[in-house]
Amino acid sequence: AMIAAYAQNGHAREALQLFRQMELERVQPNETTFLSILHACSHAGLLDEGRQYFVSMIGDHGIVPTAEHYVCMIDLLGRAGRLDEADDLINNMHVQPHSVTWMALLAACRIHRDFERGEQVAEHVFELDPKNSSPYVLLSNIYAATGRWNEVAEVRKMMED
């Protein structure tokens with residue numbers, strides 16, 4: 001609970017320090033602990049640490065990643081501009097990606113102005129969650145940021161339909 005509190009309140013270093021202390025005291029982390037650690041790494045931009053914890057979760061602790069763990073990793077990679085790696089991770093997940101998974105990558109496409117990938121990713125969200133307006137807004141914002149005003153208008157029309 002303390003690790004989650006640190007992670008949710010922007011204190012990634014404290015969350016990681018507490019996790020290391022847990023390991024020293026041989027307290028076995030669970031799925032939720034790793035979810036909090038990955039969340040902390042993602043929001044603090046700690047790409048290398050996040051990768052290490054993800055690998056350790058699987059290899060050292062025998063925890064099978066859930067869709068939520070993958071979303072944290074995709075968010076982490078996306079924020080770091082590693083969109084190809086995030087895309088590869090989605091395509092190689094052992095669980096079926098859901099709309100939130102694709103939304104994490106779509107948000108990264110907006111940040112990094114990758115409209116081509118954003119179009120492909122948005123299609124996945126449209127299929128999985130057609131009533132969700134968020135992918136339309138993100139895709140429209142991607143187009144607007146790259147000066148593609150005709151596409152902005154098309155997306156807004158799609159949203160109205």
# chains A, B, ... in the order shown; residues from 1 in each chain; ligands from 1
>>> residues_around(residues="segment 82-89 of chain A", least_positions_apart="2", cutoff="8 Å", atoms="only C-alpha atoms", output="ChimeraX atom specification")
/A:70,73-75,77-80,91-93,105,108-109
>>> residues_around(residues="Thr146 of chain A", least_positions_apart="5", cutoff="10 Å", atoms="only C-alpha atoms", output="count of residues only")
5
>>> atom_distance(atom1="atom CA of His98 of chain A", atom2="atom CA of Ala67 of chain A")
7.8 Å
>>> residues_around(residues="Tyr143 of chain A", least_positions_apart="4", cutoff="10 Å", atoms="only C-alpha atoms", output="number ranges by chain")
A: 110, 113-116, 118-119, 137-139, 147-153, 155
>>> write_last_selection(atoms="N, CA and C atoms", output="compact mmCIF listing (two decimals), in the first residue's frame")
# COMPACT_ATOMS: atom_id res chain seq x y z
N ARG A 110 0.31 10.75 -29.73
CA ARG A 110 -0.02 12.18 -29.66
C ARG A 110 1.18 12.98 -29.15
N ARG A 113 3.77 12.99 -31.86
CA ARG A 113 3.25 13.42 -33.16
C ARG A 113 3.44 12.37 -34.26
N ASP A 114 3.18 11.15 -33.93
CA ASP A 114 3.29 10.05 -34.89
C ASP A 114 1.89 9.75 -35.43
N PHE A 115 1.47 10.55 -36.45
CA PHE A 115 0.10 10.42 -36.93
C PHE A 115 -0.13 9.12 -37.69
N GLU A 116 0.88 8.61 -38.39
CA GLU A 116 0.67 7.36 -39.13
C GLU A 116 0.37 6.20 -38.19
N GLY A 118 -0.57 6.56 -35.13
CA GLY A 118 -1.78 6.95 -34.41
C GLY A 118 -3.04 6.52 -35.13
N GLU A 119 -3.05 6.64 -36.45
CA GLU A 119 -4.21 6.20 -37.23
C GLU A 119 -4.45 4.70 -37.06
N VAL A 137 -10.71 12.02 -29.98
CA VAL A 137 -10.11 13.26 -29.51
C VAL A 137 -8.59 13.22 -29.66
N LEU A 138 -7.99 12.11 -29.25
CA LEU A 138 -6.52 11.99 -29.37
C LEU A 138 -6.08 12.04 -30.83
N LEU A 139 -6.77 11.31 -31.70
CA LEU A 139 -6.39 11.31 -33.11
C LEU A 139 -6.57 12.71 -33.70
N GLY A 147 -0.73 19.91 -38.21
CA GLY A 147 -1.30 20.80 -39.22
C GLY A 147 -2.16 20.13 -40.27
N ARG A 148 -2.71 18.98 -39.95
CA ARG A 148 -3.53 18.23 -40.92
C ARG A 148 -5.01 18.52 -40.65
N TRP A 149 -5.44 19.71 -41.04
CA TRP A 149 -6.77 20.21 -40.68
C TRP A 149 -7.90 19.46 -41.37
N ASN A 150 -7.69 18.98 -42.58
CA ASN A 150 -8.73 18.19 -43.24
C ASN A 150 -9.02 16.91 -42.47
N GLU A 151 -7.95 16.28 -41.96
CA GLU A 151 -8.12 15.06 -41.18
C GLU A 151 -8.79 15.35 -39.83
N VAL A 152 -8.49 16.52 -39.26
CA VAL A 152 -9.16 16.92 -38.01
C VAL A 152 -10.66 16.97 -38.24
N ALA A 153 -11.06 17.59 -39.34
CA ALA A 153 -12.48 17.70 -39.66
C ALA A 153 -13.10 16.32 -39.89
N VAL A 155 -12.15 13.42 -38.60
CA VAL A 155 -12.26 12.71 -37.32
C VAL A 155 -13.44 13.26 -36.51
>>> residues_around(residues="Ala7 of chain A", least_positions_apart="2", cutoff="10 Å", atoms="only C-alpha atoms", output="PyMOL selection string")
chain A and resi 1-5+9-16+35-44
>>> atom_distance(atom1="atom CA of His124 of chain A", atom2="atom CA of Leu106 of chain A")
9.9 Å
>>> decode(residues="segment 9-20 of chain A", atoms="all heavy atoms", output="JSON list (two decimals), in the first residue's frame")
[["chain", "number", "residue", "atom", "x", "y", "z"],
["A", 9, "ASN", "N", 1.47, 9.39, -6.01],
["A", 9, "ASN", "CA", 1.69, 10.79, -5.64],
["A", 9, "ASN", "C", 3.01, 11.35, -6.15],
["A", 9, "ASN", "O", 3.51, 12.36, -5.65],
["A", 9, "ASN", "CB", 1.58, 10.94, -4.12],
["A", 9, "ASN", "CG", 0.15, 10.79, -3.66],
["A", 9, "ASN", "OD1", -0.68, 11.65, -3.97],
["A", 9, "ASN", "ND2", -0.17, 9.69, -3.00],
["A", 10, "GLY", "N", 3.59, 10.67, -7.15],
["A", 10, "GLY", "CA", 4.77, 11.20, -7.81],
["A", 10, "GLY", "C", 6.08, 11.02, -7.08],
["A", 10, "GLY", "O", 7.05, 11.72, -7.37],
["A", 11, "HIS", "N", 6.13, 10.09, -6.15],
["A", 11, "HIS", "CA", 7.36, 9.85, -5.39],
["A", 11, "HIS", "C", 7.97, 8.51, -5.81],
["A", 11, "HIS", "O", 8.06, 7.56, -5.02],
["A", 11, "HIS", "CB", 7.07, 9.87, -3.89],
["A", 11, "HIS", "CG", 6.52, 11.18, -3.42],
["A", 11, "HIS", "ND1", 7.30, 12.30, -3.27],
["A", 11, "HIS", "CD2", 5.26, 11.55, -3.10],
["A", 11, "HIS", "CE1", 6.55, 13.30, -2.86],
["A", 11, "HIS", "NE2", 5.31, 12.88, -2.75],
["A", 12, "ALA", "N", 8.40, 8.46, -7.06],
["A", 12, "ALA", "CA", 8.91, 7.21, -7.63],
["A", 12, "ALA", "C", 10.14, 6.70, -6.88],
["A", 12, "ALA", "O", 10.24, 5.50, -6.60],
["A", 12, "ALA", "CB", 9.22, 7.38, -9.11],
["A", 13, "ARG", "N", 11.06, 7.57, -6.60],
["A", 13, "ARG", "CA", 12.31, 7.14, -5.93],
["A", 13, "ARG", "C", 12.00, 6.51, -4.57],
["A", 13, "ARG", "O", 12.58, 5.50, -4.20],
["A", 13, "ARG", "CB", 13.28, 8.30, -5.78],
["A", 13, "ARG", "CG", 13.82, 8.81, -7.08],
["A", 13, "ARG", "CD", 14.82, 7.85, -7.67],
["A", 13, "ARG", "NE", 15.27, 8.32, -8.97],
["A", 13, "ARG", "CZ", 15.82, 7.58, -9.89],
["A", 13, "ARG", "NH1", 16.03, 6.30, -9.66],
["A", 13, "ARG", "NH2", 16.20, 8.08, -11.03],
["A", 14, "GLU", "N", 11.07, 7.10, -3.84],
["A", 14, "GLU", "CA", 10.69, 6.55, -2.54],
["A", 14, "GLU", "C", 10.02, 5.18, -2.71],
["A", 14, "GLU", "O", 10.26, 4.27, -1.92],
["A", 14, "GLU", "CB", 9.77, 7.50, -1.79],
["A", 14, "GLU", "CG", 10.44, 8.76, -1.31],
["A", 14, "GLU", "CD", 10.50, 9.88, -2.35],
["A", 14, "GLU", "OE1", 10.22, 9.62, -3.54],
["A", 14, "GLU", "OE2", 10.85, 11.01, -1.97],
["A", 15, "ALA", "N", 9.18, 5.05, -3.75],
["A", 15, "ALA", "CA", 8.53, 3.76, -4.02],
["A", 15, "ALA", "C", 9.56, 2.69, -4.33],
["A", 15, "ALA", "O", 9.49, 1.57, -3.80],
["A", 15, "ALA", "CB", 7.55, 3.90, -5.19],
["A", 16, "LEU", "N", 10.55, 3.04, -5.16],
["A", 16, "LEU", "CA", 11.59, 2.07, -5.51],
["A", 16, "LEU", "C", 12.47, 1.73, -4.30],
["A", 16, "LEU", "O", 12.85, 0.57, -4.12],
["A", 16, "LEU", "CB", 12.45, 2.61, -6.65],
["A", 16, "LEU", "CG", 11.72, 2.90, -7.96],
["A", 16, "LEU", "CD1", 12.71, 3.38, -9.02],
["A", 16, "LEU", "CD2", 10.94, 1.72, -8.45],
["A", 17, "GLN", "N", 12.75, 2.72, -3.47],
["A", 17, "GLN", "CA", 13.54, 2.48, -2.27],
["A", 17, "GLN", "C", 12.80, 1.53, -1.32],
["A", 17, "GLN", "O", 13.40, 0.61, -0.76],
["A", 17, "GLN", "CB", 13.86, 3.80, -1.58],
["A", 17, "GLN", "CG", 14.74, 3.65, -0.36],
["A", 17, "GLN", "CD", 15.04, 5.01, 0.28],
["A", 17, "GLN", "OE1", 14.66, 6.06, -0.23],
["A", 17, "GLN", "NE2", 15.73, 4.96, 1.40],
["A", 18, "LEU", "N", 11.52, 1.74, -1.15],
["A", 18, "LEU", "CA", 10.73, 0.87, -0.29],
["A", 18, "LEU", "C", 10.66, -0.54, -0.87],
["A", 18, "LEU", "O", 10.74, -1.53, -0.12],
["A", 18, "LEU", "CB", 9.32, 1.45, -0.11],
["A", 18, "LEU", "CG", 8.42, 0.76, 0.90],
["A", 18, "LEU", "CD1", 9.08, 0.67, 2.28],
["A", 18, "LEU", "CD2", 7.09, 1.52, 0.99],
["A", 19, "PHE", "N", 10.58, -0.65, -2.19],
["A", 19, "PHE", "CA", 10.57, -1.97, -2.82],
["A", 19, "PHE", "C", 11.89, -2.70, -2.55],
["A", 19, "PHE", "O", 11.90, -3.88, -2.21],
["A", 19, "PHE", "CB", 10.35, -1.83, -4.34],
["A", 19, "PHE", "CG", 10.27, -3.15, -5.04],
["A", 19, "PHE", "CD1", 9.08, -3.85, -5.11],
["A", 19, "PHE", "CD2", 11.40, -3.71, -5.64],
["A", 19, "PHE", "CE1", 8.99, -5.07, -5.75],
["A", 19, "PHE", "CE2", 11.33, -4.93, -6.28],
["A", 19, "PHE", "CZ", 10.13, -5.61, -6.34],
["A", 20, "ARG", "N", 13.00, -1.98, -2.70],
["A", 20, "ARG", "CA", 14.31, -2.59, -2.43],
["A", 20, "ARG", "C", 14.41, -3.04, -0.97],
["A", 20, "ARG", "O", 14.96, -4.09, -0.66],
["A", 20, "ARG", "CB", 15.43, -1.63, -2.79],
["A", 20, "ARG", "CG", 15.66, -1.52, -4.30],
["A", 20, "ARG", "CD", 16.92, -0.75, -4.65],
["A", 20, "ARG", "NE", 16.83, 0.68, -4.39],
["A", 20, "ARG", "CZ", 16.27, 1.56, -5.23],
["A", 20, "ARG", "NH1", 15.77, 1.16, -6.36],
["A", 20, "ARG", "NH2", 16.24, 2.83, -4.92]]
